[in-house]
Structure formats: C-alpha cells, structure tokens
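This is protein_36.cif (mmCIF, C-alpha atoms and all ligand atoms).
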data_query
#
loop_
_atom_site.label_atom_id
_atom_site.label_comp_id
_atom_site.auth_asym_id
_atom_site.auth_seq_id
_atom_site.Cartn_x
_atom_site.Cartn_y
_atom_site.Cartn_z
CA MET A 1 234.64 -70.98 121.81
CA GLN A 2 234.65 -73.52 118.98
CA PRO A 3 235.31 -76.60 121.15
CA LEU A 4 232.40 -75.49 123.34
CA PHE A 5 230.04 -75.32 120.36
CA ARG A 6 231.33 -78.63 119.08
CA SER A 7 230.77 -80.42 122.37
CA ARG A 8 227.31 -78.87 122.65
CA ARG A 9 226.46 -79.96 119.12
CA ASP A 10 227.77 -83.47 119.81
CA ARG A 11 225.66 -83.66 122.93
CA LEU A 12 222.54 -82.52 121.06
CA ASP A 13 223.25 -85.03 118.28
CA ARG A 14 223.60 -87.77 120.84
CA LEU A 15 220.33 -86.76 122.51
CA ARG A 16 218.56 -86.66 119.16
CA ARG A 17 219.78 -90.15 118.32
CA GLN A 18 218.69 -91.44 121.72
CA ARG A 19 215.31 -89.79 121.29
CA GLU A 20 214.77 -91.25 117.84
CA GLU A 21 215.66 -94.66 119.16
CA ALA A 22 213.21 -94.13 122.03
CA VAL A 23 210.41 -93.25 119.59
CA GLU A 24 211.07 -96.33 117.51
CA ALA A 25 211.23 -98.51 120.58
CA ALA A 26 207.97 -97.07 121.88
CA ALA A 27 206.33 -97.49 118.50
CA ARG A 28 207.21 -101.16 118.59
CA ARG A 29 205.87 -101.26 122.13
CA SER A 30 209.05 -102.81 123.28
CA ALA A 31 210.29 -100.10 125.63
CA VAL A 32 210.90 -102.76 128.26
CA PRO A 33 212.48 -106.13 127.69
CA PRO A 34 209.81 -108.76 127.00
CA SER A 35 211.18 -110.92 129.76
CA GLY A 36 211.12 -109.95 133.42
CA SER A 37 208.42 -108.46 135.56
CA GLN A 38 207.64 -105.55 137.86
CA THR A 39 205.64 -105.15 141.03
CA CYS A 40 202.32 -103.34 140.71
CA PRO A 41 202.25 -100.34 143.10
CA GLY A 42 198.47 -100.80 143.34
CA CYS A 43 198.09 -104.42 144.45
CA GLY A 44 201.64 -105.67 144.87
CA ALA A 45 201.22 -108.43 142.25
CA GLU A 46 204.12 -109.38 140.03
CA CYS A 47 203.21 -108.39 136.47
CA ALA A 48 205.11 -109.81 133.53
CA ASN A 49 206.48 -107.08 131.30
CA GLN A 50 205.01 -108.84 128.30
CA ASP A 51 201.53 -108.56 129.82
CA LEU A 52 202.11 -104.90 130.74
CA VAL A 53 203.11 -104.03 127.19
CA ARG A 54 199.93 -105.70 125.93
CA SER A 55 197.74 -103.93 128.49
CA GLU A 56 199.36 -100.50 127.83
CA TYR A 57 200.89 -100.63 131.32
CA VAL A 58 197.64 -101.15 133.19
CA CYS A 59 197.89 -103.82 135.88
CA PRO A 60 195.92 -106.88 134.65
CA HIS A 61 195.03 -107.75 138.27
CA CYS A 62 193.78 -104.46 139.77
CA GLY A 63 193.64 -101.95 136.90
CA TYR A 64 196.34 -99.70 138.37
CA HIS A 65 197.58 -97.32 135.68
CA LEU A 66 201.36 -97.23 135.75
CA PRO A 67 202.93 -93.95 134.62
CA ILE A 68 204.20 -94.14 131.04
CA GLY A 69 206.72 -92.03 129.12
CA ALA A 70 205.76 -89.28 126.70
CA TYR A 71 206.86 -91.08 123.52
CA LEU A 72 205.09 -94.28 124.49
CA ARG A 73 201.95 -92.26 125.22
CA LEU A 74 202.10 -90.64 121.79
CA SER A 75 202.73 -93.96 120.08
CA LEU A 76 199.60 -95.39 121.73
CA LEU A 77 197.48 -92.47 120.49
CA LEU A 78 198.65 -91.32 117.10
CA ASP A 79 197.93 -92.84 113.73
CA PRO A 80 201.04 -94.57 112.33
CA PHE A 81 203.52 -92.35 110.47
CA THR A 82 201.76 -89.07 111.42
CA PHE A 83 204.00 -88.16 114.39
CA ARG A 84 206.07 -85.02 113.90
CA GLU A 85 207.83 -83.69 116.96
CA LEU A 86 207.86 -79.94 117.57
CA TRP A 87 210.89 -78.13 119.07
CA PRO A 88 212.63 -81.37 120.07
CA GLY A 89 215.84 -79.76 121.30
CA LEU A 90 214.23 -77.05 123.44
CA THR A 91 216.08 -76.58 126.73
CA ALA A 92 216.53 -73.75 129.21
CA PRO A 93 219.75 -72.47 130.79
CA ASN A 94 220.49 -72.61 134.50
CA ALA A 95 219.58 -68.92 134.70
CA LEU A 96 219.66 -68.72 138.50
CA GLU A 97 222.93 -70.67 138.62
CA PHE A 98 221.39 -73.12 141.05
CA PRO A 99 224.22 -75.30 142.40
CA GLY A 100 224.38 -78.78 140.90
CA TYR A 101 221.38 -78.21 138.59
CA GLU A 102 223.27 -78.65 135.34
CA GLU A 103 224.76 -81.96 136.52
CA LYS A 104 221.31 -83.17 137.52
CA LEU A 105 219.89 -82.14 134.14
CA SER A 106 222.68 -84.01 132.37
CA SER A 107 222.06 -87.19 134.32
CA GLN A 108 218.28 -86.98 133.73
CA ARG A 109 218.93 -86.51 130.02
CA GLU A 110 221.25 -89.48 129.88
CA LYS A 111 218.75 -91.61 131.78
CA THR A 112 215.60 -90.70 129.84
CA ALA A 113 216.85 -89.49 126.42
CA LEU A 114 214.58 -86.48 126.91
CA CYS A 115 215.81 -82.87 126.67
CA ASP A 116 213.34 -81.80 129.36
CA ALA A 117 210.04 -82.97 130.85
CA ALA A 118 207.69 -82.16 127.95
CA VAL A 119 207.32 -83.53 124.43
CA ALA A 120 205.21 -81.68 121.86
CA ALA A 121 204.09 -83.03 118.53
CA VAL A 122 201.66 -82.58 115.74
CA GLY A 123 199.98 -85.69 114.45
CA LYS A 124 196.71 -87.36 113.55
CA LEU A 125 194.36 -89.22 115.80
CA ASP A 126 191.82 -91.27 113.89
CA GLY A 127 192.55 -89.10 110.86
CA ILE A 128 192.10 -85.76 112.66
CA SER A 129 195.13 -83.48 112.97
CA ALA A 130 195.87 -82.07 116.42
CA VAL A 131 198.70 -80.67 118.51
CA PHE A 132 199.77 -82.83 121.45
CA ALA A 133 201.92 -82.01 124.45
CA VAL A 134 202.83 -84.69 126.97
CA LEU A 135 204.62 -84.28 130.28
CA ASP A 136 206.96 -87.10 131.25
CA SER A 137 207.21 -87.81 134.97
CA ARG A 138 210.51 -89.68 134.54
CA PHE A 139 212.29 -86.38 133.96
CA PHE A 140 212.54 -84.38 137.22
CA MET A 141 209.07 -85.69 138.15
CA GLY A 142 207.61 -83.83 135.18
CA SER A 143 208.23 -80.55 136.94
CA MET A 144 207.63 -77.33 135.05
CA GLY A 145 210.58 -75.06 134.48
CA VAL A 146 211.17 -72.59 131.68
CA ALA A 147 211.60 -75.29 129.01
CA VAL A 148 208.30 -77.03 129.86
CA GLY A 149 206.42 -73.72 130.13
CA GLU A 150 207.84 -72.55 126.84
CA LYS A 151 206.93 -75.80 125.08
CA ILE A 152 203.33 -75.76 126.37
CA THR A 153 203.03 -72.08 125.36
CA ARG A 154 204.42 -72.75 121.88
CA ALA A 155 202.10 -75.76 121.50
CA ALA A 156 199.08 -73.53 122.24
CA GLU A 157 200.36 -70.84 119.87
CA TYR A 158 201.09 -73.39 117.14
CA ALA A 159 197.60 -74.87 117.52
CA GLN A 160 196.10 -71.39 117.33
CA LYS A 161 198.10 -70.44 114.26
CA HIS A 162 197.26 -73.65 112.41
CA ARG A 163 193.68 -73.84 113.72
CA LEU A 164 194.18 -77.24 115.27
CA PRO A 165 192.80 -78.69 118.50
CA LEU A 166 195.19 -79.00 121.44
CA VAL A 167 195.52 -82.06 123.69
CA ILE A 168 197.78 -81.93 126.74
CA PHE A 169 198.63 -84.88 129.01
CA SER A 170 199.81 -83.71 132.41
CA ALA A 171 201.97 -85.63 134.87
CA SER A 172 203.89 -83.38 137.17
CA GLY A 173 205.30 -82.81 140.61
CA GLY A 174 204.72 -79.06 140.17
CA ALA A 175 207.08 -76.18 139.58
CA ARG A 176 210.83 -76.87 139.06
CA MET A 177 212.38 -75.82 142.36
CA GLN A 178 215.82 -75.20 140.83
CA GLU A 179 214.37 -72.51 138.54
CA GLY A 180 212.71 -70.59 141.36
CA ILE A 181 210.56 -67.64 140.35
CA LEU A 182 211.20 -68.34 136.66
CA SER A 183 209.37 -71.64 136.99
CA LEU A 184 206.45 -70.02 138.83
CA MET A 185 206.17 -67.48 136.01
CA GLN A 186 205.40 -70.35 133.63
CA MET A 187 202.02 -70.72 135.33
CA ALA A 188 201.00 -67.25 134.15
CA LYS A 189 202.63 -67.68 130.75
CA THR A 190 200.98 -71.00 129.91
CA SER A 191 197.60 -69.85 131.28
CA ALA A 192 197.72 -66.70 129.14
CA ALA A 193 198.58 -68.76 126.04
CA ILE A 194 195.64 -71.12 126.71
CA ARG A 195 193.36 -68.11 127.18
CA ARG A 196 194.41 -66.58 123.85
CA PHE A 197 193.92 -69.96 122.18
CA SER A 198 190.47 -70.26 123.76
CA ASP A 199 189.49 -66.71 122.75
CA ALA A 200 190.43 -67.60 119.17
CA GLY A 201 187.96 -70.50 119.33
CA GLY A 202 190.38 -73.38 119.78
CA LEU A 203 189.45 -76.66 121.47
CA TYR A 204 191.69 -77.69 124.37
CA ILE A 205 191.37 -81.15 125.93
CA SER A 206 193.32 -81.63 129.16
CA VAL A 207 194.09 -85.14 130.40
CA PHE A 208 195.29 -85.59 133.98
CA THR A 209 197.48 -88.61 134.55
CA HIS A 210 199.05 -89.90 137.75
CA PRO A 211 200.32 -87.82 139.48
CA THR A 212 199.60 -84.18 138.59
CA THR A 213 200.21 -81.66 141.34
CA GLY A 214 201.46 -78.16 142.14
CA GLY A 215 201.90 -75.44 139.56
CA VAL A 216 200.81 -77.62 136.64
CA THR A 217 197.44 -78.39 138.28
CA ALA A 218 197.21 -74.69 139.19
CA SER A 219 197.71 -73.54 135.60
CA PHE A 220 197.22 -75.07 132.16
CA ALA A 221 196.15 -78.56 133.29
CA SER A 222 192.98 -77.18 134.88
CA LEU A 223 192.01 -74.94 131.98
CA GLY A 224 190.71 -77.53 129.53
CA ASP A 225 187.44 -77.07 127.68
CA VAL A 226 187.11 -80.78 128.39
CA THR A 227 188.99 -82.30 131.33
CA LEU A 228 189.66 -86.03 131.38
CA ALA A 229 191.62 -88.14 133.86
CA GLU A 230 193.02 -91.65 134.05
CA PRO A 231 191.56 -93.84 136.83
CA GLY A 232 193.14 -93.41 140.23
CA ALA A 233 195.26 -90.41 139.21
CA LEU A 234 196.42 -88.21 142.08
CA ILE A 235 195.44 -84.66 141.20
CA GLY A 236 196.02 -81.78 143.56
CA PHE A 237 197.94 -78.66 144.41
CA ALA A 238 199.55 -79.11 147.82
CA GLY A 239 200.00 -82.58 149.31
CA PRO A 240 197.37 -83.95 151.71
CA ARG A 241 199.69 -83.68 154.74
CA VAL A 242 200.20 -79.94 154.22
CA ILE A 243 196.46 -79.37 153.73
CA ARG A 244 195.61 -81.41 156.83
CA GLN A 245 198.03 -79.37 158.91
CA THR A 246 196.81 -76.06 157.44
CA ILE A 247 193.08 -76.56 157.92
CA GLY A 248 193.39 -78.74 161.03
CA GLN A 249 190.85 -81.29 159.76
CA GLU A 250 190.88 -84.87 158.56
CA LEU A 251 190.50 -85.15 154.79
CA PRO A 252 187.70 -87.18 153.19
CA ASP A 253 188.37 -90.63 151.73
CA GLY A 254 189.73 -90.56 148.20
CA PHE A 255 190.66 -86.89 148.51
CA GLN A 256 192.67 -85.67 145.48
CA ARG A 257 191.96 -88.82 143.49
CA ALA A 258 190.47 -88.58 139.99
CA GLU A 259 187.24 -90.31 141.11
CA TYR A 260 186.68 -87.79 143.93
CA LEU A 261 187.33 -84.90 141.57
CA GLU A 262 184.96 -86.29 138.96
CA GLU A 263 182.26 -86.59 141.62
CA HIS A 264 182.80 -82.93 142.54
CA GLY A 265 182.79 -81.61 138.99
CA PHE A 266 186.47 -80.83 138.61
CA VAL A 267 187.01 -83.64 136.09
CA ASP A 268 184.49 -84.26 133.30
CA GLN A 269 185.19 -87.93 132.78
CA ILE A 270 187.53 -90.65 133.95
CA VAL A 271 188.73 -92.65 131.00
CA PRO A 272 190.70 -95.91 131.33
CA ARG A 273 193.85 -95.89 129.23
CA GLY A 274 192.54 -98.51 126.82
CA GLN A 275 189.58 -96.25 125.94
CA LEU A 276 191.45 -92.94 125.74
CA ARG A 277 192.15 -93.09 122.05
CA ASP A 278 188.50 -93.71 121.15
CA THR A 279 187.26 -91.05 123.59
CA LEU A 280 189.67 -88.44 122.25
CA ALA A 281 188.77 -89.39 118.67
CA GLN A 282 185.08 -88.89 119.47
CA LEU A 283 185.68 -85.53 121.13
CA LEU A 284 187.86 -84.30 118.28
CA ALA A 285 185.33 -85.45 115.68
CA LEU A 286 182.49 -83.84 117.60
CA HIS A 287 184.25 -80.47 117.63
CA ARG A 288 185.78 -80.71 114.22
CA LYS A 289 183.31 -78.52 112.41
CA GLY A 290 183.48 -75.74 114.97
CA VAL A 291 187.25 -75.69 114.91
CA LEU A 292 187.45 -75.60 111.13
CA HIS A 293 184.90 -72.86 110.63
CA ARG A 294 185.85 -70.34 113.27
ZN ZN A 301 197.80 -104.23 140.46
#

Could you write out this structure as structure tokens?
Amino acid sequence: MQPLFRSRRDRLDRLRRQREEAVEAAARRSAVPPSGSQTCPGCGAECANQDLVRSEYVCPHCGYHLPIGAYLRLSLLLDPFTFRELWPGLTAPNALEFPGYEEKLSSQREKTALCDAAVAAVGKLDGISAVFAVLDSRFFMGSMGVAVGEKITRAAEYAQKHRLPLVIFSASGGARMQEGILSLMQMAKTSAAIRRFSDAGGLYISVFTHPTTGGVTASFASLGDVTLAEPGALIGFAGPRVIRQTIGQELPDGFQRAEYLEEHGFVDQIVPRGQLRDTLAQLLALHRKGVLHR
C-alpha cells in the first residue's frame, strides 16, 4: 500500500504547488502572457491580452464578460494578503466507478491546477471578513459533483460557525453526469446548508456569472438573500432548445439572460465586473451590524 500512498501524496503535493503558483500568477494579474490576443465571443473583435488583463477580462469593444478562473476572481475581490483557502485538497472518489472518469479528472487537474470545480476561501473585502466560494467553469464546466457540493456546504457551515457573511460566485453546467444520483443529492445538501445558515441569521450573497445552469441554478445559486449577476450571463435550468420542444412555443428575446431575469425579479441587480467589488463592499457594510449582533 505504501507506494500507493506515496504516489497519492506526490500528486497532491504537485497539485498544491501548481495551485499556489496559480494564485500568485492571478494576484499579479498575469495569468495570460502579456503578448498575444484572443477573439471576443461577443463581438468577434481581437482583444489584446494586455488590454483584457487591465479590463478584468471584459471586452473593451462590446463589454462582453469573459469567464474567469476562481483564483483570478478572488484576487480581483479580496484585500491583499487576506486570502486563506479552505479545504484546498478536497476531492471525491469515483464512487459509481464511471468508466474513464478518473482519467478525465486527472487531465482536468493537470490542465487547470484545480482539485475540483470549486474554490473556497476566507478573506477580507474592503476590511470586512467573509467566506467566499467560487465555481470555476474551466474544470468540467463547473459541474457540481460530491466535491463541489461538499465544499459549498462546508463554506456555509464555516460561515455560520464563525458568524461571517457568505458570498458564492456560480458558473456551472449543472450536475456532474459522471457522479449520477450522488451529484443530484448535492442540490438538497447545499440547499439545506444554506437554509440552516439563513435560519441562524447569516447573510448570503449569490452572484451568477456566465453561464450558470442546471442543478446549481436549481439549488444554492438561487437561494441568495441578495442575488447579483454579471451582464449578459446565461442563467437557466434546462437549455432553451429543450424548453422550446417541451412547451411547444417560441421563447421571448433575451430569455435566460441576466437582463431578462432582472426585469422579471429573479435577479436583484446586474453588476458589471468592474463594479462588483464596490457593490459587494457596500452590501457587506450595510449588513455588518446585523450579522455581528445576531
Ligand atoms: Zn467584444
């Protein structure tokens, strides 16, 4: 058994090193090489990487918000030197023995330096301590399996125990198919944890980012006391094609976009990425007294 433990420990060490490097790189805002460019999915313009780093990955031409990784997101929000990651090595086994799943997990881990699709941390935003959880769509499309569900649940429980507000950024393709019923169970588990946190008087701010769909929309992401969204984010449960076929009707313009959902009361406010930090700081400050005294 010893060689098995050793190789597992080596792998975890390697992941930890990669992760630490990723945090540092994100903190320096140099996650992409300064040279080069990428095509904006919104308007098709070529955007220089240097400009994208400066604009926090918002297209300078059309305002399209490109998806960003969890560590970069946290580095844009948190006060310097206050980031402390929670349960960094949390993973889940291939409990259903889904063929090829472990190989896919390994390749996703190598590619992204993430253990799974969620990163949780405690840190300060404008001097106010809070618990943060961020889904990363680069890892299995941010899908929720046991590891993601467990991390969200622990984040809510940690926030409750330490009487801190909770901020969750969602970006997800839904439940993790390879984990079957176990991934669907995370919807109930995370929702129950948020409910207990809410009953204890905690403040939960949910931020939808592009795209958030499926079981994540249908559970913790929709349970915020305050629900924010980035402009243009796709937010839904089933895809528009499935809905169109099911109800046999054409869908309205802008269906499942953040703006449509704000208009219909599902989202409280759409906040451009450049204003998110200030908006969150205001909300946290506004609720600070209540959180501390309950
Ligand atoms: Zn654009």

Item to complete: Counting all atoms listed in the file, figure out which residue out of A:Val58, A:Val53, A:Ala120, A:Val207 gets nearest to Tyr71 in chain A.
Response: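 The shortest atom-to-atom distance to Tyr71 in chain A comes from A:Ala120.
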
Worksheet item: Which chains and residue numbers are within 10 Å of ligand ZN 301 (chain A), counting only C-alpha atoms and all ligand atoms, if I want them as a list in words?
Response: Thr39, Cys40, Pro41, Gly42, Cys43, Gly44, Ala45, Glu46, Cys47, Val58, Cys59, Pro60, His61, Cys62, Gly63, Tyr64, His65 and Leu66 of chain A

Discussion item. One number please: CA of Gln18 in chain A to CA of Pro93 in chain A, in Å, one decimal.
Written reply: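 CA of Pro93 in chain A lies 21.1 Å from CA of Gln18 in chain A.
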
Practice prompt. Write out as number ranges by chain each polymer residue whose atoms come within 12 Å of Trp87 in chain A, counting only C-alpha atoms; drop sequence neighbours fewer than 5 positions from it.
Written response: A: 16, 115-116, 118-122, 133, 147-148, 150-155, 158

Discussion item. Given the point (205.1, -91.4, 125.3) in the coordinates of this file, which residues lie within 9 Å, counting all atoms listed in the file, and how would they look as a ChimeraX atom specification?
Written reply: /A:23,26,68-76,119,134-136

Using all atoms of range 149-161 of chain A that appear in the file, construct an axis-aligned enclosing box with 5 Å of padding on every side and provide its centre coordinates and edge lengths in Å, rounded to one decimal, as AutoDock Vina command-line options.
--center_x 202.0 --center_y -73.1 --center_z 122.2 --size_x 21.7 --size_y 15.4 --size_z 25.9

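For the pair CA of Asn94 in chain A and CA of Phe169 in chain A, the interatomic distance is 25.7 Å.
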
Worksheet entry | Given all atoms listed in the file as the counted atoms, nearest of A:Ile194, A:Leu280, A:Ala218, A:Ile270 to Gln160 in chain A | A:Ile194

Discussion item. Report, in Å to a single decimal, how far apart CA of Ser170 in chain A and CA of Gly89 in chain A are.
Written reply: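 That distance, rounded to one decimal, is 19.9 Å.
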
Practice prompt. Rank nothing, just name the residue among A:Pro252, A:Met144, A:Arg257, A:Gly274 nearest to Phe220 in chain A, using only C-alpha atoms.
Written response: A:Met144

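Distances to Asp13 in chain A were evaluated for A:Gln275, A:Pro88, A:Arg241, A:Glu230 using only C-alpha atoms, and the minimum falls at A:Pro88.
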
Discussion item. Taking 4 positions as the minimum chain separation for residues in the same chain, which residues sit within 6 Å of Tyr204 in chain A when counting only C-alpha atoms? Answer as a ChimeraX atom specification.
Written reply: /A:166-167,224-225

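Residues within 10 Å of Val216 in chain A, counting only C-alpha atoms and excluding same-chain residues fewer than 4 positions away, are Leu135, Gly142, Ser143, Met144, Gly149, Ser170, Ala171, Ser172, Gly173, Gly174, Ala175, Leu184, Gln186, Met187, Thr190, Ser191, Thr212, Phe220, Ala221, Ser222, Ile235, Gly236 and Phe237 of chain A.
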
Fill in: A:Leu90, A:Leu164, A:Leu78, A:Ala188 ranked by distance to Ala281 in chain A, top pick (using all atoms listed in the file)
A:Leu78

Worksheet item: Please, which residues are within 9 Å of (187.6, -90.2, 128.3) by the file's coordinates, counting only C-alpha atoms, and could they come as number ranges by chain?
Response: A: 207, 227-230, 268-273, 275-280, 283
